[in-house]
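For reference, the structure is listed below as structure tokens.
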Amino acid sequence: MKICVAQIRSEKGNIKANIQNHLRWIELAVSEKTDMIVFPELSLSGYEPELAKNLATDQNDERLQVFQDISDAHQMAIGVGLPIRSEVGILIGMVIFQPNQPRQTYFKQILHPDEKPYFVEGSQHTILAIKDRNIALAICYESLQPQHVKKARERGADIYLASVAKSQTGIDKAYAHFPKIADQHSIPVLMANCIGFCDNYLSAGQTSIWDAEGVLCGQLDIQSEGLLIYDTVSKNNP
């Protein structure tokens, strides 16, 4: 299968405009015959914790129907980021669209301390079975916590996909951590980061893919939107 990680610039708080930008990159992923595309953390709202309460919605928001339509038409899974409202508070969510299936949402389970005034934590791993692969989802800070990938591997994951919104400091930590866990757990790691200003920092891009031995096999730059595609059967990735 072919999995695509997208590096985009989100417009602060403008879900309508961000949907249109997502569609642009999804169209390109469709042309490359990919089976799945995942965007950075909170990609549809931008990573803006102070705005999350007002922007929060749910996975059945009618504005998201366009993603389901594309998923059905092109047999592609799509993961987009949104703040999600619940009875217990606002969660950092990744809404997943799969062909002719009900929508589901993965909720970030381990929050950075700075996020706790704005969000509550999720409680369940999500592993997507697509074609011949089991894909574990992670969102930013939790992907740097060793127990998260360990639990995902124990649940049968054979690809680890992290949707993030990281500054250069965060990217430096990711570049130290992800090769190690890829090699330790014999699992490819795919990271989708954003570019542009988020919250109170500049997001540093460098969306990347490491193979199951921890070797960096693809990377984008720090300032351009783009896609990386991982082919699970190719020896020439990406």
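Chain identifiers are assigned as A, B, and so on, following the order in which chains appear in the structure tokens; residues are numbered from 1 within each chain, and ligands are numbered from 1 in order of appearance.
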
Against region 82-105 of chain A, which residues of region 161-198 of chain A fall within 12 Å? For each one I want the closest pair of atoms and the distance in Å (one decimal), counting only C-alpha atoms, rows by chain and increasing residue number, as JSON lines.
```
{"residue": "A:Leu161", "atom": "CA", "partner": "A:Met94", "partner_atom": "CA", "distance": 11.7}
{"residue": "A:Ala162", "atom": "CA", "partner": "A:Met94", "partner_atom": "CA", "distance": 10.7}
{"residue": "A:Ser163", "atom": "CA", "partner": "A:Met94", "partner_atom": "CA", "distance": 8.5}
{"residue": "A:Val164", "atom": "CA", "partner": "A:Met94", "partner_atom": "CA", "distance": 10.9}
{"residue": "A:Ala165", "atom": "CA", "partner": "A:Ile92", "partner_atom": "CA", "distance": 11.8}
```

Name the residues in contact with region 13-19 of chain A at a cut-off of 7 Å, using only C-alpha atoms, excluding same-chain residues fewer than 2 positions from it; report them as a ChimeraX atom specification. /A:10-11,21-23,44-46

Atoms kept (N, CA, C and O atoms) for selection, written as an mmCIF file, in the first residue's frame:
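Contents of the output file again_4.cif:
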```
data_model
loop_
_atom_site.group_PDB
_atom_site.id
_atom_site.type_symbol
_atom_site.label_atom_id
_atom_site.label_comp_id
_atom_site.auth_asym_id
_atom_site.auth_seq_id
_atom_site.Cartn_x
_atom_site.Cartn_y
_atom_site.Cartn_z
ATOM 1 N N SER A 10 -1.592 25.777 7.697
ATOM 2 C CA SER A 10 -2.997 26.022 8.014
ATOM 3 C C SER A 10 -3.226 27.491 8.335
ATOM 4 O O SER A 10 -2.373 28.149 8.940
ATOM 5 N N GLU A 11 -4.379 28.003 7.935
ATOM 6 C CA GLU A 11 -4.765 29.371 8.247
ATOM 7 C C GLU A 11 -5.427 29.392 9.621
ATOM 8 O O GLU A 11 -6.385 28.661 9.863
ATOM 9 N N ASN A 21 -7.648 23.878 1.198
ATOM 10 C CA ASN A 21 -6.228 23.543 1.018
ATOM 11 C C ASN A 21 -6.009 22.035 1.158
ATOM 12 O O ASN A 21 -5.227 21.441 0.410
ATOM 13 N N HIS A 22 -6.707 21.408 2.095
ATOM 14 C CA HIS A 22 -6.616 19.948 2.216
ATOM 15 C C HIS A 22 -7.023 19.277 0.905
ATOM 16 O O HIS A 22 -6.382 18.314 0.459
ATOM 17 N N LEU A 23 -8.098 19.768 0.300
ATOM 18 C CA LEU A 23 -8.596 19.144 -0.932
ATOM 19 C C LEU A 23 -7.568 19.219 -2.052
ATOM 20 O O LEU A 23 -7.440 18.298 -2.869
ATOM 21 N N LEU A 44 -7.112 21.207 10.385
ATOM 22 C CA LEU A 44 -8.238 21.976 9.856
ATOM 23 C C LEU A 44 -8.499 23.281 10.613
ATOM 24 O O LEU A 44 -9.118 24.195 10.078
ATOM 25 N N SER A 45 -8.019 23.359 11.831
ATOM 26 C CA SER A 45 -8.204 24.588 12.617
ATOM 27 C C SER A 45 -6.908 25.358 12.771
ATOM 28 O O SER A 45 -6.922 26.545 13.120
ATOM 29 N N GLY A 46 -5.787 24.680 12.494
ATOM 30 C CA GLY A 46 -4.491 25.179 12.909
ATOM 31 C C GLY A 46 -4.275 24.802 14.366
ATOM 32 O O GLY A 46 -5.237 24.608 15.127
#
```

With a cut-off of 12 Å, could you pull out the residues of region 181-203 of chain A touching region 141-157 of chain A and give me the nearest pair of atoms for each, distance in Å to one decimal, using only C-alpha atoms, ordered by chain and ascending number, as a tab-separated table?
```
residue	atom	partner	partner_atom	distance
A:Ile181	CA	A:Val149	CA	7.7
A:Ala182	CA	A:Val149	CA	9.3
A:Asp183	CA	A:Val149	CA	11.9
A:Gln184	CA	A:Lys150	CA	9.8
A:His185	CA	A:Arg153	CA	7.3
A:Ser186	CA	A:Arg153	CA	9.4
A:Ile187	CA	A:Ala157	CA	8.2
A:Pro188	CA	A:Ala157	CA	10.1
A:Val189	CA	A:Val149	CA	9.9
A:Leu190	CA	A:Ser143	CA	10.8
A:Met191	CA	A:Ser143	CA	9.5
A:Ala192	CA	A:Ser143	CA	11.7
```

Grab the residues selected above and save them as a PDB file, in the first residue's frame with N, CA and C atoms.
```
ATOM      1  N   ILE A 181      13.074   4.285  17.927  1.00  0.00           N
ATOM      2  CA  ILE A 181      11.914   3.409  18.131  1.00  0.00           C
ATOM      3  C   ILE A 181      11.615   2.596  16.876  1.00  0.00           C
ATOM      4  N   ALA A 182      11.912   3.174  15.703  1.00  0.00           N
ATOM      5  CA  ALA A 182      11.720   2.403  14.469  1.00  0.00           C
ATOM      6  C   ALA A 182      12.596   1.163  14.487  1.00  0.00           C
ATOM      7  N   ASP A 183      13.861   1.338  14.845  1.00  0.00           N
ATOM      8  CA  ASP A 183      14.792   0.218  14.883  1.00  0.00           C
ATOM      9  C   ASP A 183      14.465  -0.746  16.028  1.00  0.00           C
ATOM     10  N   GLN A 184      14.174  -0.205  17.204  1.00  0.00           N
ATOM     11  CA  GLN A 184      13.891  -1.043  18.371  1.00  0.00           C
ATOM     12  C   GLN A 184      12.673  -1.927  18.159  1.00  0.00           C
ATOM     13  N   HIS A 185      11.628  -1.365  17.545  1.00  0.00           N
ATOM     14  CA  HIS A 185      10.373  -2.093  17.376  1.00  0.00           C
ATOM     15  C   HIS A 185      10.185  -2.636  15.960  1.00  0.00           C
ATOM     16  N   SER A 186      11.197  -2.450  15.116  1.00  0.00           N
ATOM     17  CA  SER A 186      11.132  -2.911  13.721  1.00  0.00           C
ATOM     18  C   SER A 186       9.851  -2.438  13.049  1.00  0.00           C
ATOM     19  N   ILE A 187       9.633  -1.118  13.103  1.00  0.00           N
ATOM     20  CA  ILE A 187       8.400  -0.538  12.578  1.00  0.00           C
ATOM     21  C   ILE A 187       8.720   0.772  11.855  1.00  0.00           C
ATOM     22  N   PRO A 188       8.247   0.932  10.611  1.00  0.00           N
ATOM     23  CA  PRO A 188       8.422   2.226   9.944  1.00  0.00           C
ATOM     24  C   PRO A 188       7.676   3.325  10.701  1.00  0.00           C
ATOM     25  N   VAL A 189       8.257   4.517  10.718  1.00  0.00           N
ATOM     26  CA  VAL A 189       7.647   5.664  11.379  1.00  0.00           C
ATOM     27  C   VAL A 189       7.464   6.774  10.348  1.00  0.00           C
ATOM     28  N   LEU A 190       6.243   7.259  10.241  1.00  0.00           N
ATOM     29  CA  LEU A 190       5.920   8.354   9.332  1.00  0.00           C
ATOM     30  C   LEU A 190       5.453   9.544  10.159  1.00  0.00           C
ATOM     31  N   MET A 191       5.997  10.727   9.876  1.00  0.00           N
ATOM     32  CA  MET A 191       5.658  11.929  10.637  1.00  0.00           C
ATOM     33  C   MET A 191       5.185  13.033   9.698  1.00  0.00           C
ATOM     34  N   ALA A 192       3.986  13.556   9.949  1.00  0.00           N
ATOM     35  CA  ALA A 192       3.444  14.683   9.184  1.00  0.00           C
ATOM     36  C   ALA A 192       3.474  15.932  10.057  1.00  0.00           C
TER      37      ALA A 192
END
```

Find the distance between CA of Ile159 (chain A) and CA of Cys198 (chain A) and write it in Å to one decimal.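 So the answer is 27.2 Å.
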
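Going from CA of Tyr118 (chain A) over to CA of Leu51 (chain A), you cover 9.1 Å.
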
Compare A:Asp221, A:Asp61, A:Glu27, A:Asp35 by their minimum atom-to-atom distance to Asp132 (chain A), counting only C-alpha atoms, and give me the closest one.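 Distance minimum relative to Asp132 (chain A) lands on A:Asp35.
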
Can you list every residue in region 66-133 of chain A that DSSP puts in helix (DSSP H, G or I), as a list in words?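 The residues of region 66-133 of chain A classed as helix (DSSP H, G or I) are Val66, Phe67, Gln68, Asp69, Ile70, Ser71, Asp72, Ala73, His74, Pro113, Asp114 and Glu115 of chain A.
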